[in-house]
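Heads up, entry.txt below (compact mmCIF, C-alpha atoms):
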# COMPACT_ATOMS: atom_id res chain seq x y z
CA MET K 142 0.00 0.00 0.00
CA LYS K 143 1.45 3.34 -1.07
CA ILE K 144 0.63 6.90 -0.22
CA VAL K 145 1.08 9.66 -2.80
CA ILE K 146 1.11 13.34 -2.00
CA ASP K 147 0.98 16.14 -4.51
CA LEU K 148 2.66 19.38 -3.49
CA SER K 149 0.80 21.24 -6.25
CA ASP K 150 -2.56 20.18 -4.82
CA GLU K 151 -4.45 23.02 -3.14
CA ARG K 152 -5.38 20.77 -0.22
CA PRO K 153 -2.88 20.83 2.65
CA VAL K 154 -0.45 17.90 2.74
CA PHE K 155 -1.71 16.66 6.12
CA THR K 156 -5.26 16.51 4.69
CA GLN K 157 -4.00 14.46 1.74
CA ILE K 158 -2.40 12.00 4.17
CA ILE K 159 -5.58 11.77 6.28
CA ASN K 160 -7.81 11.26 3.25
CA GLN K 161 -5.62 8.59 1.72
CA ILE K 162 -5.36 6.62 4.95
CA LYS K 163 -9.13 6.84 5.42
CA ASP K 164 -9.70 5.79 1.79
CA ALA K 165 -7.32 2.86 2.23
CA VAL K 166 -9.20 1.75 5.36
CA GLN K 167 -12.56 1.99 3.63
CA GLY K 168 -11.26 0.26 0.52
CA GLY K 169 -9.97 -2.64 2.61
CA HIS K 170 -6.32 -1.98 1.78
CA LEU K 171 -5.57 -1.29 5.44
CA ALA K 172 -7.25 -3.80 7.74
CA PRO K 173 -7.86 -3.07 11.44
CA GLY K 174 -4.74 -3.89 13.43
CA THR K 175 -2.37 -3.27 10.52
CA ALA K 176 0.87 -1.58 11.55
CA LEU K 177 1.59 1.85 10.07
CA PRO K 178 5.00 3.46 9.60
CA SER K 179 6.32 5.72 12.31
CA ILE K 180 5.95 9.50 11.92
CA ARG K 181 9.68 9.76 11.34
CA GLN K 182 9.77 7.07 8.64
CA LEU K 183 6.79 8.49 6.73
CA ALA K 184 8.05 12.08 7.00
CA ASN K 185 11.51 11.08 5.75
CA ASP K 186 10.12 8.97 2.91
CA LEU K 187 7.82 11.77 1.76
CA GLN K 188 10.54 14.39 2.43
CA LEU K 189 8.17 16.33 4.67
CA ASN K 190 8.50 18.08 7.98
CA HIS K 191 7.85 15.64 10.85
CA ASN K 192 5.23 18.03 12.28
CA THR K 193 3.10 17.68 9.14
CA VAL K 194 2.89 13.90 9.44
CA ALA K 195 2.49 14.19 13.23
CA LYS K 196 -0.52 16.50 12.69
CA ALA K 197 -2.12 14.02 10.28
CA TYR K 198 -1.55 11.13 12.71
CA LYS K 199 -2.91 13.19 15.63
CA LEU K 200 -6.13 13.97 13.77
CA LEU K 201 -6.50 10.35 12.63
CA GLU K 202 -6.02 9.26 16.22
CA ARG K 203 -8.62 11.78 17.41
CA ASP K 204 -11.08 10.29 14.89
CA ALA K 205 -10.19 6.78 16.15
CA VAL K 206 -9.00 5.69 12.71
CA ILE K 207 -5.55 4.84 14.06
CA GLU K 208 -4.22 4.17 17.54
CA THR K 209 -0.79 4.42 19.10
CA ARG K 210 0.27 1.50 21.26
CA GLY K 211 3.27 2.98 23.06
CA TYR K 212 6.65 1.76 21.88
CA ARG K 213 5.05 -0.89 19.65
CA GLY K 214 4.00 1.77 17.15
CA THR K 215 0.89 2.97 15.37
CA PHE K 216 -1.86 0.66 14.15
CA VAL K 217 -5.16 0.88 12.30
CA HIS K 218 -7.96 1.15 14.92
CA SER K 219 -10.27 -1.83 15.40
CA ASN K 220 -13.31 0.37 14.49
CA ALA K 221 -11.45 2.25 11.79
CA VAL K 222 -13.80 1.28 8.96
CA ALA K 223 -16.83 2.87 10.66
CA ASN K 224 -14.87 5.78 12.14
CA SER K 225 -13.22 6.71 8.86
CA ARG K 226 -16.67 7.45 7.37
CA VAL K 227 -17.21 10.23 9.90
CA ASP K 228 -16.00 13.56 8.61
CA LEU K 229 -15.69 15.90 11.57
CA ASN K 230 -14.96 18.89 9.33
CA GLU K 231 -18.17 18.34 7.42
CA TRP K 232 -20.15 17.96 10.67
CA VAL K 233 -18.66 21.18 12.12
CA GLY K 234 -19.43 23.00 8.85
CA SER K 235 -23.06 21.91 8.75
CA LYS K 236 -23.62 22.81 12.44
CA LEU K 237 -22.07 26.25 11.96
CA LYS K 238 -24.17 26.86 8.88
CA LEU K 239 -27.37 26.24 10.88
CA VAL K 240 -26.26 28.56 13.68
CA ILE K 241 -25.23 31.35 11.27
CA GLU K 242 -28.53 31.13 9.41
CA GLU K 243 -30.42 31.52 12.70
CA ILE K 244 -28.29 34.51 13.76
CA ARG K 245 -28.76 36.17 10.37
CA ARG K 246 -32.51 35.79 10.68
CA SER K 247 -32.31 37.77 13.93
CA GLY K 248 -30.83 40.68 11.92
CA ALA K 249 -27.15 40.49 12.92
CA THR K 250 -24.68 41.59 10.23
CA ASP K 251 -21.83 39.39 8.96
CA SER K 252 -19.20 41.59 10.59
CA GLU K 253 -21.02 41.32 13.95
CA ILE K 254 -21.17 37.55 13.54
CA ARG K 255 -17.46 37.46 12.67
CA ILE K 256 -16.47 39.48 15.77
CA ALA K 257 -18.75 37.41 18.00
CA PHE K 258 -17.36 34.20 16.53
CA LYS K 259 -13.79 35.37 17.12
CA ASN K 260 -14.58 36.30 20.74
CA ALA K 261 -16.38 33.02 21.30
CA LEU K 262 -13.34 31.09 20.06
CA LYS K 263 -11.04 33.08 22.37
CA SER K 264 -13.09 32.41 25.49
CA MET S 21 61.90 -17.72 9.33
CA ARG S 22 58.84 -19.66 8.22
CA SER S 23 56.49 -17.12 9.82
CA GLU S 24 58.38 -14.31 8.06
CA ILE S 25 57.87 -15.91 4.66
CA PHE S 26 54.23 -16.46 5.50
CA PHE S 27 53.95 -12.77 6.45
CA TYR S 28 55.47 -11.68 3.12
CA LEU S 29 52.94 -13.79 1.24
CA VAL S 30 50.02 -12.50 3.30
CA PHE S 31 51.19 -8.88 2.91
CA LEU S 32 51.60 -9.37 -0.85
CA SER S 33 48.06 -10.71 -0.93
CA GLN S 34 46.87 -7.57 0.94
CA ILE S 35 48.67 -5.32 -1.55
CA VAL S 36 47.18 -7.03 -4.58
CA LEU S 37 43.69 -7.53 -3.17
CA LEU S 38 43.13 -4.04 -1.79
CA SER S 39 45.11 -1.97 -4.29
CA TYR S 40 44.56 -3.88 -7.52
CA PHE S 41 41.64 -6.25 -7.40
CA LEU S 42 39.18 -4.26 -5.23
CA PRO S 43 39.51 -0.84 -6.97
CA ARG S 44 39.25 -2.43 -10.41
CA ARG S 45 36.20 -4.39 -9.39
CA MET S 46 34.51 -1.20 -8.14
CA VAL S 47 35.42 0.76 -11.26
CA ASN S 48 34.34 -2.06 -13.60
CA ARG S 49 30.98 -2.23 -11.87
CA ILE S 50 30.41 1.51 -12.33
CA ASN S 51 31.55 1.37 -15.96
CA TYR S 52 29.12 -1.49 -16.54
CA ILE S 53 26.31 0.74 -15.21
CA PHE S 54 27.38 3.57 -17.56
CA GLU S 55 27.29 1.24 -20.54
CA THR S 56 24.12 -0.69 -19.68
CA TYR S 57 22.10 2.26 -18.37
CA PRO S 58 23.26 5.28 -20.40
CA ALA S 59 22.50 8.87 -19.46
CA ALA S 60 20.35 9.36 -22.56
CA GLU S 61 17.84 6.76 -21.35
CA PHE S 62 18.25 7.14 -17.58
CA PRO S 63 18.86 10.86 -17.08
CA ARG S 64 17.78 10.91 -13.43
CA PHE S 65 20.69 8.66 -12.55
CA TYR S 66 23.17 11.22 -13.85
CA PRO S 67 22.78 14.53 -12.02
CA LEU S 68 26.37 15.32 -13.07
CA PRO S 69 27.93 14.96 -16.52
CA VAL S 70 29.21 11.45 -17.31
CA LYS S 71 32.59 13.04 -17.98
CA TRP S 72 32.81 14.03 -14.31
CA TYR S 73 32.17 10.44 -13.16
CA ARG S 74 34.74 9.05 -15.59
CA GLN S 75 37.34 11.54 -14.36
CA GLN S 76 36.69 10.47 -10.74
CA LEU S 77 37.13 6.82 -11.71
CA LYS S 78 40.39 7.60 -13.51
CA ASN S 79 41.69 9.41 -10.40
CA ILE S 80 40.75 6.45 -8.20
CA LEU S 81 42.61 4.03 -10.48
CA ARG S 82 45.66 6.31 -10.63
CA ILE S 83 45.84 6.57 -6.84
CA SER S 84 45.41 2.79 -6.55
CA TRP S 85 48.38 2.30 -8.90
CA VAL S 86 50.55 4.61 -6.79
CA VAL S 87 49.52 2.79 -3.59
CA LEU S 88 50.16 -0.57 -5.27
CA VAL S 89 53.71 0.43 -6.32
CA LEU S 90 54.34 1.81 -2.84
CA GLY S 91 53.19 -1.49 -1.37
CA ILE S 92 55.62 -3.47 -3.53
CA VAL S 93 58.45 -1.14 -2.45
CA LEU S 94 57.43 -1.57 1.20
CA LEU S 95 57.36 -5.34 0.81
CA ALA S 96 60.81 -5.34 -0.77
CA ALA S 97 62.10 -3.15 2.07
CA THR S 98 60.70 -5.50 4.73
CA ILE S 99 62.31 -8.49 2.98
CA ALA S 100 65.65 -6.66 2.76
CA ASP S 101 65.54 -5.49 6.39
CA ALA S 102 66.67 -8.46 8.46
CA THR S 103 67.00 -6.50 11.72
CA ASN S 104 63.29 -5.97 12.31
CA ASP S 105 60.51 -8.53 12.62
CA ASP S 106 57.64 -6.33 13.82
CA TYR S 107 55.75 -4.88 10.88
CA ALA S 108 52.27 -4.49 12.41
CA GLY S 109 52.60 -0.70 12.32
CA ILE S 110 53.55 -0.78 8.63
CA VAL S 111 50.64 -3.11 7.80
CA PHE S 112 48.20 -0.78 9.55
CA ALA S 113 49.62 2.42 8.01
CA TYR S 114 49.59 0.83 4.57
CA PHE S 115 45.98 -0.26 5.03
CA LEU S 116 45.07 3.37 5.74
CA LEU S 117 46.76 4.35 2.47
CA GLN S 118 44.88 1.62 0.66
CA SER S 119 41.61 3.02 2.02
CA ILE S 120 42.10 6.38 0.26
CA PRO S 121 40.57 5.29 -3.11
CA VAL S 122 37.57 3.78 -1.30
CA MET S 123 37.11 7.00 0.66
CA LEU S 124 37.35 9.03 -2.56
CA LEU S 125 34.69 6.83 -4.08
CA GLU S 126 32.45 7.38 -1.04
CA VAL S 127 32.93 11.15 -1.33
CA GLY S 128 31.96 10.89 -5.02
CA VAL S 129 28.84 8.86 -4.14
CA LEU S 130 27.90 11.48 -1.55
CA LYS S 131 28.24 14.31 -4.07
CA HIS S 132 26.26 12.27 -6.61
CA SER S 133 23.43 11.78 -4.06
CA GLN S 134 23.41 15.45 -3.05
CA MET S 135 23.15 16.53 -6.67
CA MET S 136 20.41 13.96 -7.29
CA GLN S 137 18.39 15.43 -4.41
CA ALA S 138 19.05 19.00 -5.54
CA LYS S 139 17.86 18.25 -9.08
CA ASP S 140 14.74 16.39 -8.00
CA SER S 141 11.96 18.80 -8.99
CA ARG S 142 9.02 16.39 -8.82
CA ARG S 143 5.87 17.75 -7.17
CA THR S 144 4.49 14.33 -6.26
CA ARG S 145 6.03 12.05 -3.68
CA GLN S 146 5.28 8.50 -2.76
CA ALA S 147 5.93 6.29 0.25
CA ASP S 148 5.09 2.84 1.51
CA LEU S 149 2.50 2.61 4.27
CA THR S 150 4.38 -0.34 5.74
CA PRO S 151 6.70 0.10 8.69
CA ARG S 152 10.30 -0.93 8.14
CA ARG S 153 11.72 -2.98 10.97
CA ILE S 154 15.21 -4.08 11.92
CA SER S 155 14.07 -7.70 11.39
CA ASP S 156 13.52 -6.83 7.69
CA VAL S 157 17.25 -6.30 7.20
CA ILE S 158 19.01 -8.65 9.60
CA SER S 159 18.10 -12.08 10.87
CA PRO S 160 17.69 -12.74 14.61
CA GLY S 161 20.37 -15.44 14.23
CA MET S 162 22.95 -12.95 12.97
CA LEU S 163 22.04 -10.43 15.69
CA SER S 164 22.33 -13.15 18.34
CA LEU S 165 25.74 -14.14 16.96
CA VAL S 166 26.97 -10.52 17.18
CA ALA S 167 25.68 -10.30 20.78
CA LEU S 168 27.22 -13.66 21.68
CA VAL S 169 30.65 -12.71 20.29
CA TYR S 170 30.45 -9.37 22.10
CA LEU S 171 29.55 -10.99 25.44
CA GLY S 172 32.32 -13.54 24.94
CA PHE S 173 34.73 -10.66 24.35
CA VAL S 174 33.60 -8.88 27.55
CA TYR S 175 34.16 -12.11 29.49
CA PHE S 176 37.59 -12.54 27.87
CA ILE S 177 38.67 -8.99 28.80
CA MET S 178 37.48 -9.50 32.38
CA TYR S 179 39.51 -12.71 32.51
CA VAL S 180 42.71 -11.06 31.17
CA GLN S 181 42.18 -8.12 33.53
CA GLN S 182 43.10 -10.43 36.44
CA PHE S 183 46.69 -10.61 35.23
CA ASP S 184 49.29 -7.92 35.46
CA PHE S 185 50.27 -7.10 31.88
CA SER S 186 51.87 -3.69 31.45
CA TRP S 187 50.72 -3.51 27.81
CA PHE S 188 47.11 -4.49 28.44
CA GLY S 189 44.60 -1.72 27.83
CA GLY S 190 42.02 -3.32 30.17
CA TYR S 191 38.43 -2.22 29.98
CA THR S 192 39.16 0.39 27.29
CA ASN S 193 39.01 -2.56 24.87
CA ILE S 194 35.37 -3.07 25.86
CA VAL S 195 34.69 0.66 25.43
CA GLY S 196 36.25 0.56 21.96
CA ILE S 197 34.29 -2.45 20.70
CA THR S 198 31.07 -1.12 22.28
CA ALA S 199 31.61 2.20 20.47
CA VAL S 200 32.19 0.39 17.16
CA ASN S 201 28.96 -1.62 17.60
CA LEU S 202 27.02 1.51 18.54
CA VAL S 203 28.29 3.39 15.47
CA PHE S 204 27.31 0.42 13.28
CA ALA S 205 23.83 0.28 14.86
CA ILE S 206 23.35 4.03 14.28
CA MET S 207 24.49 3.65 10.66
CA VAL S 208 21.93 0.90 10.01
CA ALA S 209 19.13 2.81 11.79
CA TRP S 210 20.01 5.96 9.83
CA ARG S 211 19.79 4.17 6.52
CA LEU S 212 16.66 2.24 7.51
CA TYR S 213 14.55 5.08 8.92
CA GLY S 214 16.31 8.25 7.76
CA LYS S 215 16.01 10.20 4.53
CA ASN S 216 16.94 8.17 1.51
CA ARG S 217 20.16 9.29 -0.15
CA ASP S 218 18.66 8.41 -3.52
CA PRO S 219 15.25 10.11 -3.91
CA TYR S 220 14.27 7.88 -6.86
CA GLN S 221 15.29 4.50 -5.44
CA ALA S 222 12.61 1.81 -5.41
CA SER S 223 11.60 0.85 -1.86
CA VAL S 224 12.44 -2.82 -2.46
CA ASP S 225 15.96 -1.82 -3.55
CA ARG S 226 16.34 0.33 -0.47
CA ILE S 227 15.52 -2.60 1.81
CA ARG S 228 17.96 -4.82 -0.09
CA GLU S 229 20.68 -2.20 0.16
CA VAL S 230 20.19 -1.74 3.92
CA ARG S 231 20.07 -5.53 4.36
CA LEU S 232 23.41 -5.85 2.64
CA LEU S 233 24.90 -3.05 4.75
CA ALA S 234 23.52 -4.49 8.02
CA ASN S 235 24.95 -7.93 7.30
CA GLN S 236 28.31 -6.50 6.24
CA LEU S 237 28.53 -4.43 9.43
CA ALA S 238 27.50 -7.42 11.56
CA PHE S 239 30.25 -9.45 9.90
CA ILE S 240 32.81 -6.65 10.43
CA SER S 241 31.72 -6.31 14.07
CA ILE S 242 32.31 -10.03 14.66
CA ALA S 243 35.62 -9.93 12.75
CA ALA S 244 36.85 -6.86 14.67
CA THR S 245 35.93 -8.39 18.04
CA LEU S 246 37.65 -11.68 17.19
CA PHE S 247 40.67 -9.83 15.82
CA ILE S 248 41.17 -7.83 19.05
CA THR S 249 40.72 -11.05 21.06
CA LEU S 250 43.31 -12.80 18.89
CA THR S 251 45.76 -9.87 19.12
CA ILE S 252 45.56 -9.86 22.94
CA SER S 253 45.90 -13.65 23.02
CA LEU S 254 48.98 -13.60 20.75
CA LYS S 255 50.62 -11.06 23.01
CA MET S 256 49.76 -13.11 26.09
CA TRP S 257 51.38 -16.18 24.52
CA ASP S 258 54.37 -14.12 23.44
CA LEU S 259 53.59 -14.70 19.75
CA HIS S 260 53.42 -11.00 18.89
CA ASN S 261 55.31 -11.64 15.61
CA LEU S 262 52.12 -13.29 14.35
CA THR S 263 50.09 -10.11 15.01
CA GLN S 264 51.10 -8.58 11.70
CA ILE S 265 49.88 -11.69 9.85
CA ALA S 266 46.57 -11.68 11.75
CA MET S 267 46.18 -7.94 11.09
CA SER S 268 46.80 -8.28 7.36
CA LEU S 269 44.39 -11.22 7.11
CA TYR S 270 41.80 -9.23 9.07
CA PHE S 271 42.04 -6.29 6.65
CA GLN S 272 41.66 -8.65 3.71
CA LEU S 273 38.62 -10.23 5.35
CA ILE S 274 37.02 -6.79 5.71
CA ALA S 275 37.83 -6.05 2.05
CA PHE S 276 36.17 -9.32 1.01
CA ALA S 277 33.08 -8.42 3.04
CA SER S 278 32.88 -4.98 1.44
CA MET S 279 33.17 -6.48 -2.05
CA LYS S 280 29.70 -7.92 -1.80
CA VAL S 281 27.44 -5.42 -3.53
CA MET S 282 23.98 -5.51 -5.05
CA GLN S 283 23.88 -7.10 -8.48
CA VAL S 284 23.48 -4.25 -10.97
CA ASP S 285 20.95 -6.14 -13.09
CA GLU S 286 18.72 -6.72 -10.06
CA ILE S 287 18.42 -2.97 -9.37
CA ASP S 288 15.30 -1.26 -10.68
CA PHE S 289 16.77 1.33 -13.05
CA ASP S 290 13.40 2.23 -14.59
CA VAL S 291 12.94 4.74 -11.74
CA TYR S 292 15.73 6.81 -13.31
CA ARG S 293 13.91 7.29 -16.62
CA ASP S 294 12.50 10.73 -17.27
CA ASP S 295 8.93 9.45 -17.63
CA ALA S 296 9.07 7.21 -14.54
CA LEU S 297 6.22 7.39 -12.04
CA PRO S 298 7.07 9.06 -8.71
CA ILE S 299 9.58 6.85 -6.86
Would you write the structure of this file as C-alpha cells?
Amino acid sequence: MKIVIDLSDERPVFTQIINQIKDAVQGGHLAPGTALPSIRQLANDLQLNHNTVAKAYKLLERDAVIETRGYRGTFVHSNAVANSRVDLNEWVGSKLKLVIEEIRRSGATDSEIRIAFKNALKS
Amino acid sequence: MRSEIFFYLVFLSQIVLLSYFLPRRMVNRINYIFETYPAAEFPRFYPLPVKWYRQQLKNILRISWVVLVLGIVLLAATIADATNDDYAGIVFAYFLLQSIPVMLLEVGVLKHSQMMQAKDSRRTRQADLTPRRISDVISPGMLSLVALVYLGFVYFIMYVQQFDFSWFGGYTNIVGITAVNLVFAIMVAWRLYGKNRDPYQASVDRIREVRLLANQLAFISIAATLFITLTISLKMWDLHNLTQIAMSLYFQLIAFASMKVMQVDEIDFDVYRDDALPI
C-alpha cells in the first residue's frame, strides 16, 4: 500500500495523508490492526516536515482511525472502517451553517457575527 | 623464518587484493552501469555529466596504482631489512593508504546523491504505508551471533584483567568495541529510517541495500571483536610476531566483506527514466 502526495494540490499535505489513509481503510487496503510506519519514517520517505505527518496522525487518532500502542508503534484502529466514514470537518461546517442562518434571521450583520465568533473562540 | 615468509605472502596478498583487485572491481561495476544504463535513457541517474564520473574513476585508479607500487616497495624493504621482525605498524599504516581510493569513491557517491536530491523537482512524492523494521534487514540469528561474540569478548577482557600485563589496555578494549557496535547500529538505523540518499530509489531496492549493509557491518563487528581477542591472546602467549599476519588477514577479510554489492541487473533502473512514475 502506497501513499502519494501532490505538493501542487491546493489541499494541505496533512489533509492528503488523512484522506488517503481513510480511503485505504474503507477500501480494505488497510485492515484493522495493521501496523503503520512511524511519523519519522513516513516524513523522511515523503521528504516532509515531521510536524506535518504528526498532525495528520494526531487527527486520525482523534477520529479513532488509528491508535498508538506505546513503543510498539501505530496501528489501524479496530473500528477504523466505521470511524473513517465520519468527517468531523463536514459535521462542524453543517452545524455552523445552521447557527449562522439563525443569527442572520435575527438581523445580525456578517461583521457582527465574525467578531462574535472570534470572541467566542477566544473564550 | 617460516612465519616471516608467510607474512610476506600474506602482505603481498593484501597489496594485490586491496590496491589492484578491489579498486578495479569497483570501477568495472560503475563502468558497466554507464554502458548498460546510459545517461540518454536514464537521465535521473546522472545529475552530473558522465565526464565528471569518468574523471573520478580515472583518479581512483591512478591513486590505486601509486599505492600498489608503494606497497611493492614496502614489501621489498621489509624483505631486505633483516634486523626488524615487527611490521604491524607498517601493515596498519599501509591499510590506511589503501583506504584512500575507497574514501574518494564514497565522497563521489555522496556528491552524486546530493546533486540527485538537488535536481529532484518532482511535485508528487510517494511512500510505503508499511513500517520498516530491523528484522527486515538482519536475521535474529545474525544479531544473536553478534551479541554472543560481544559478550564472549567482555568475558575474555574481564579474565585477562586479572593478570598484570603492562601492555594491556584493560576495559578500554570493551569501550572501543562497544563504540564500534554503537556506530554500526546508528548507521543501520540511519539508513533504515532516515532520509533516503537516492530520492528515486525503489523501496524494495532500499531494503535490499540496507540488508546488505547491516549484514556487512555485523560481519565486520564479529571480525573486529575476534581480531582484538586474537591480538591480545597472541601477546599473552608471546607470539606477537604473528600479530602482523593476523592484522593483514583481518584487513583482507574486511575487504572481502565490502566487495559484496547488489547485483546491478537486479536494481530497478526504470525509476531513473524521465517518464518514470514518482519513486
Write out as CSV the residues of chain K that have any atom within 8 Å of an atom of chain S, one row each with the nearest atom pair and its distance in Å to one decimal, counting all atoms listed in the file, sorted by chain and then rising number.
residue,atom,partner,partner_atom,distance
K:Met142,CA,S:Leu149,CA,5.6
K:Lys143,CA,S:Asp148,CA,4.5
K:Ile144,CA,S:Ala147,CA,5.4
K:Val145,CA,S:Gln146,CA,4.4
K:Ile146,CA,S:Arg145,CA,5.4
K:Asp147,CA,S:Thr144,CA,4.3
K:Leu148,CA,S:Arg143,CA,5.1
K:Ser149,CA,S:Arg143,CA,6.2
K:Ala176,CA,S:Pro151,CA,6.7
K:Leu177,CA,S:Pro151,CA,5.6
K:Pro178,CA,S:Pro151,CA,3.9
K:Ser179,CA,S:Pro151,CA,6.7
K:Arg181,CA,S:Tyr213,CA,7.2
K:Gln182,CA,S:Tyr213,CA,5.2
K:Leu183,CA,S:Ala147,CA,6.9
K:Asn185,CA,S:Lys215,CA,4.7
K:Asp186,CA,S:Ala147,CA,5.6
K:Leu187,CA,S:Arg145,CA,5.7
K:Gln188,CA,S:Lys215,CA,7.2
field: Two-atom distance - CA of Arg231 (chain S), CA of Ile158 (chain S) (Å)
entry: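 Computing it gives 6.2 Å between the two atoms.
Comparing the minimum interatomic distances between Asp204 (chain K) and each of K:Ala165, K:Ala257, K:Ile159, K:Leu239, counting all atoms listed in the file, we find that K:Ile159 sits nearest.
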- request: Grab the CA of Glu202 (chain K) to CA of Gln157 (chain K) distance for me, in Å with one decimal place.
  value: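 Taking CA of Glu202 (chain K) as the start and CA of Gln157 (chain K) as the end point, the length is 15.5 Å.
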query: Quick one: distance from CA of Glu231 (chain K) to CA of Asn160 (chain K) in Å, one decimal?
result: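 Those two atoms sit 13.2 Å apart.
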task: Would you please work out which residue, of K:Arg245, K:Ala197, K:His191, K:Leu171, is nearest to Pro153 (chain K) when using all atoms listed in the file?
output: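 Result for the nearest residue to Pro153 (chain K): K:Ala197.
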query: Can you list, as a VMD selection string, every protein, DNA or RNA residue that comes within 12 Å of region 169-175 of chain S when you count only C-alpha atoms, leaving out same-chain residues fewer than 2 positions away?
result: chain S and resid 162 to 167 177 to 182 190 to 202 238 to 250 252 to 253
message: Env of region 282-294 of chain S: 6 Å cut, atoms = all atoms listed in the file, seq-sep filter 2 positions within chain, self excluded. Answer as a PyMOL selection string.
response: chain S and resi 62+64-65+220+296
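Every protein or nucleic acid residue with an atom no more than 7 Å from Phe216 (chain K), counting only C-alpha atoms and leaving out same-chain residues fewer than 2 positions away, appears here: Gly174, Thr175, Ala176, Leu177, Ile207, Glu208, Thr209, Gly214 and His218 of chain K.
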Quick test: take region 132-169 of chain S, keep C-alpha atoms, and write it as a short mmCIF file (atom, residue, chain, number, x, y, z; two decimals), in the first residue's frame.
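Full text of out_32.cif as output:
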data_model
loop_
_atom_site.label_atom_id
_atom_site.label_comp_id
_atom_site.auth_asym_id
_atom_site.auth_seq_id
_atom_site.Cartn_x
_atom_site.Cartn_y
_atom_site.Cartn_z
CA HIS S 132 26.26 12.27 -6.61
CA SER S 133 23.43 11.78 -4.06
CA GLN S 134 23.41 15.45 -3.05
CA MET S 135 23.15 16.53 -6.67
CA MET S 136 20.41 13.96 -7.29
CA GLN S 137 18.39 15.43 -4.41
CA ALA S 138 19.05 19.00 -5.54
CA LYS S 139 17.86 18.25 -9.08
CA ASP S 140 14.74 16.39 -8.00
CA SER S 141 11.96 18.80 -8.99
CA ARG S 142 9.02 16.39 -8.82
CA ARG S 143 5.87 17.75 -7.17
CA THR S 144 4.49 14.33 -6.26
CA ARG S 145 6.03 12.05 -3.68
CA GLN S 146 5.28 8.50 -2.76
CA ALA S 147 5.93 6.29 0.25
CA ASP S 148 5.09 2.84 1.51
CA LEU S 149 2.50 2.61 4.27
CA THR S 150 4.38 -0.34 5.74
CA PRO S 151 6.70 0.10 8.69
CA ARG S 152 10.30 -0.93 8.14
CA ARG S 153 11.72 -2.98 10.97
CA ILE S 154 15.21 -4.08 11.92
CA SER S 155 14.07 -7.70 11.39
CA ASP S 156 13.52 -6.83 7.69
CA VAL S 157 17.25 -6.30 7.20
CA ILE S 158 19.01 -8.65 9.60
CA SER S 159 18.10 -12.08 10.87
CA PRO S 160 17.69 -12.74 14.61
CA GLY S 161 20.37 -15.44 14.23
CA MET S 162 22.95 -12.95 12.97
CA LEU S 163 22.04 -10.43 15.69
CA SER S 164 22.33 -13.15 18.34
CA LEU S 165 25.74 -14.14 16.96
CA VAL S 166 26.97 -10.52 17.18
CA ALA S 167 25.68 -10.30 20.78
CA LEU S 168 27.22 -13.66 21.68
CA VAL S 169 30.65 -12.71 20.29
#
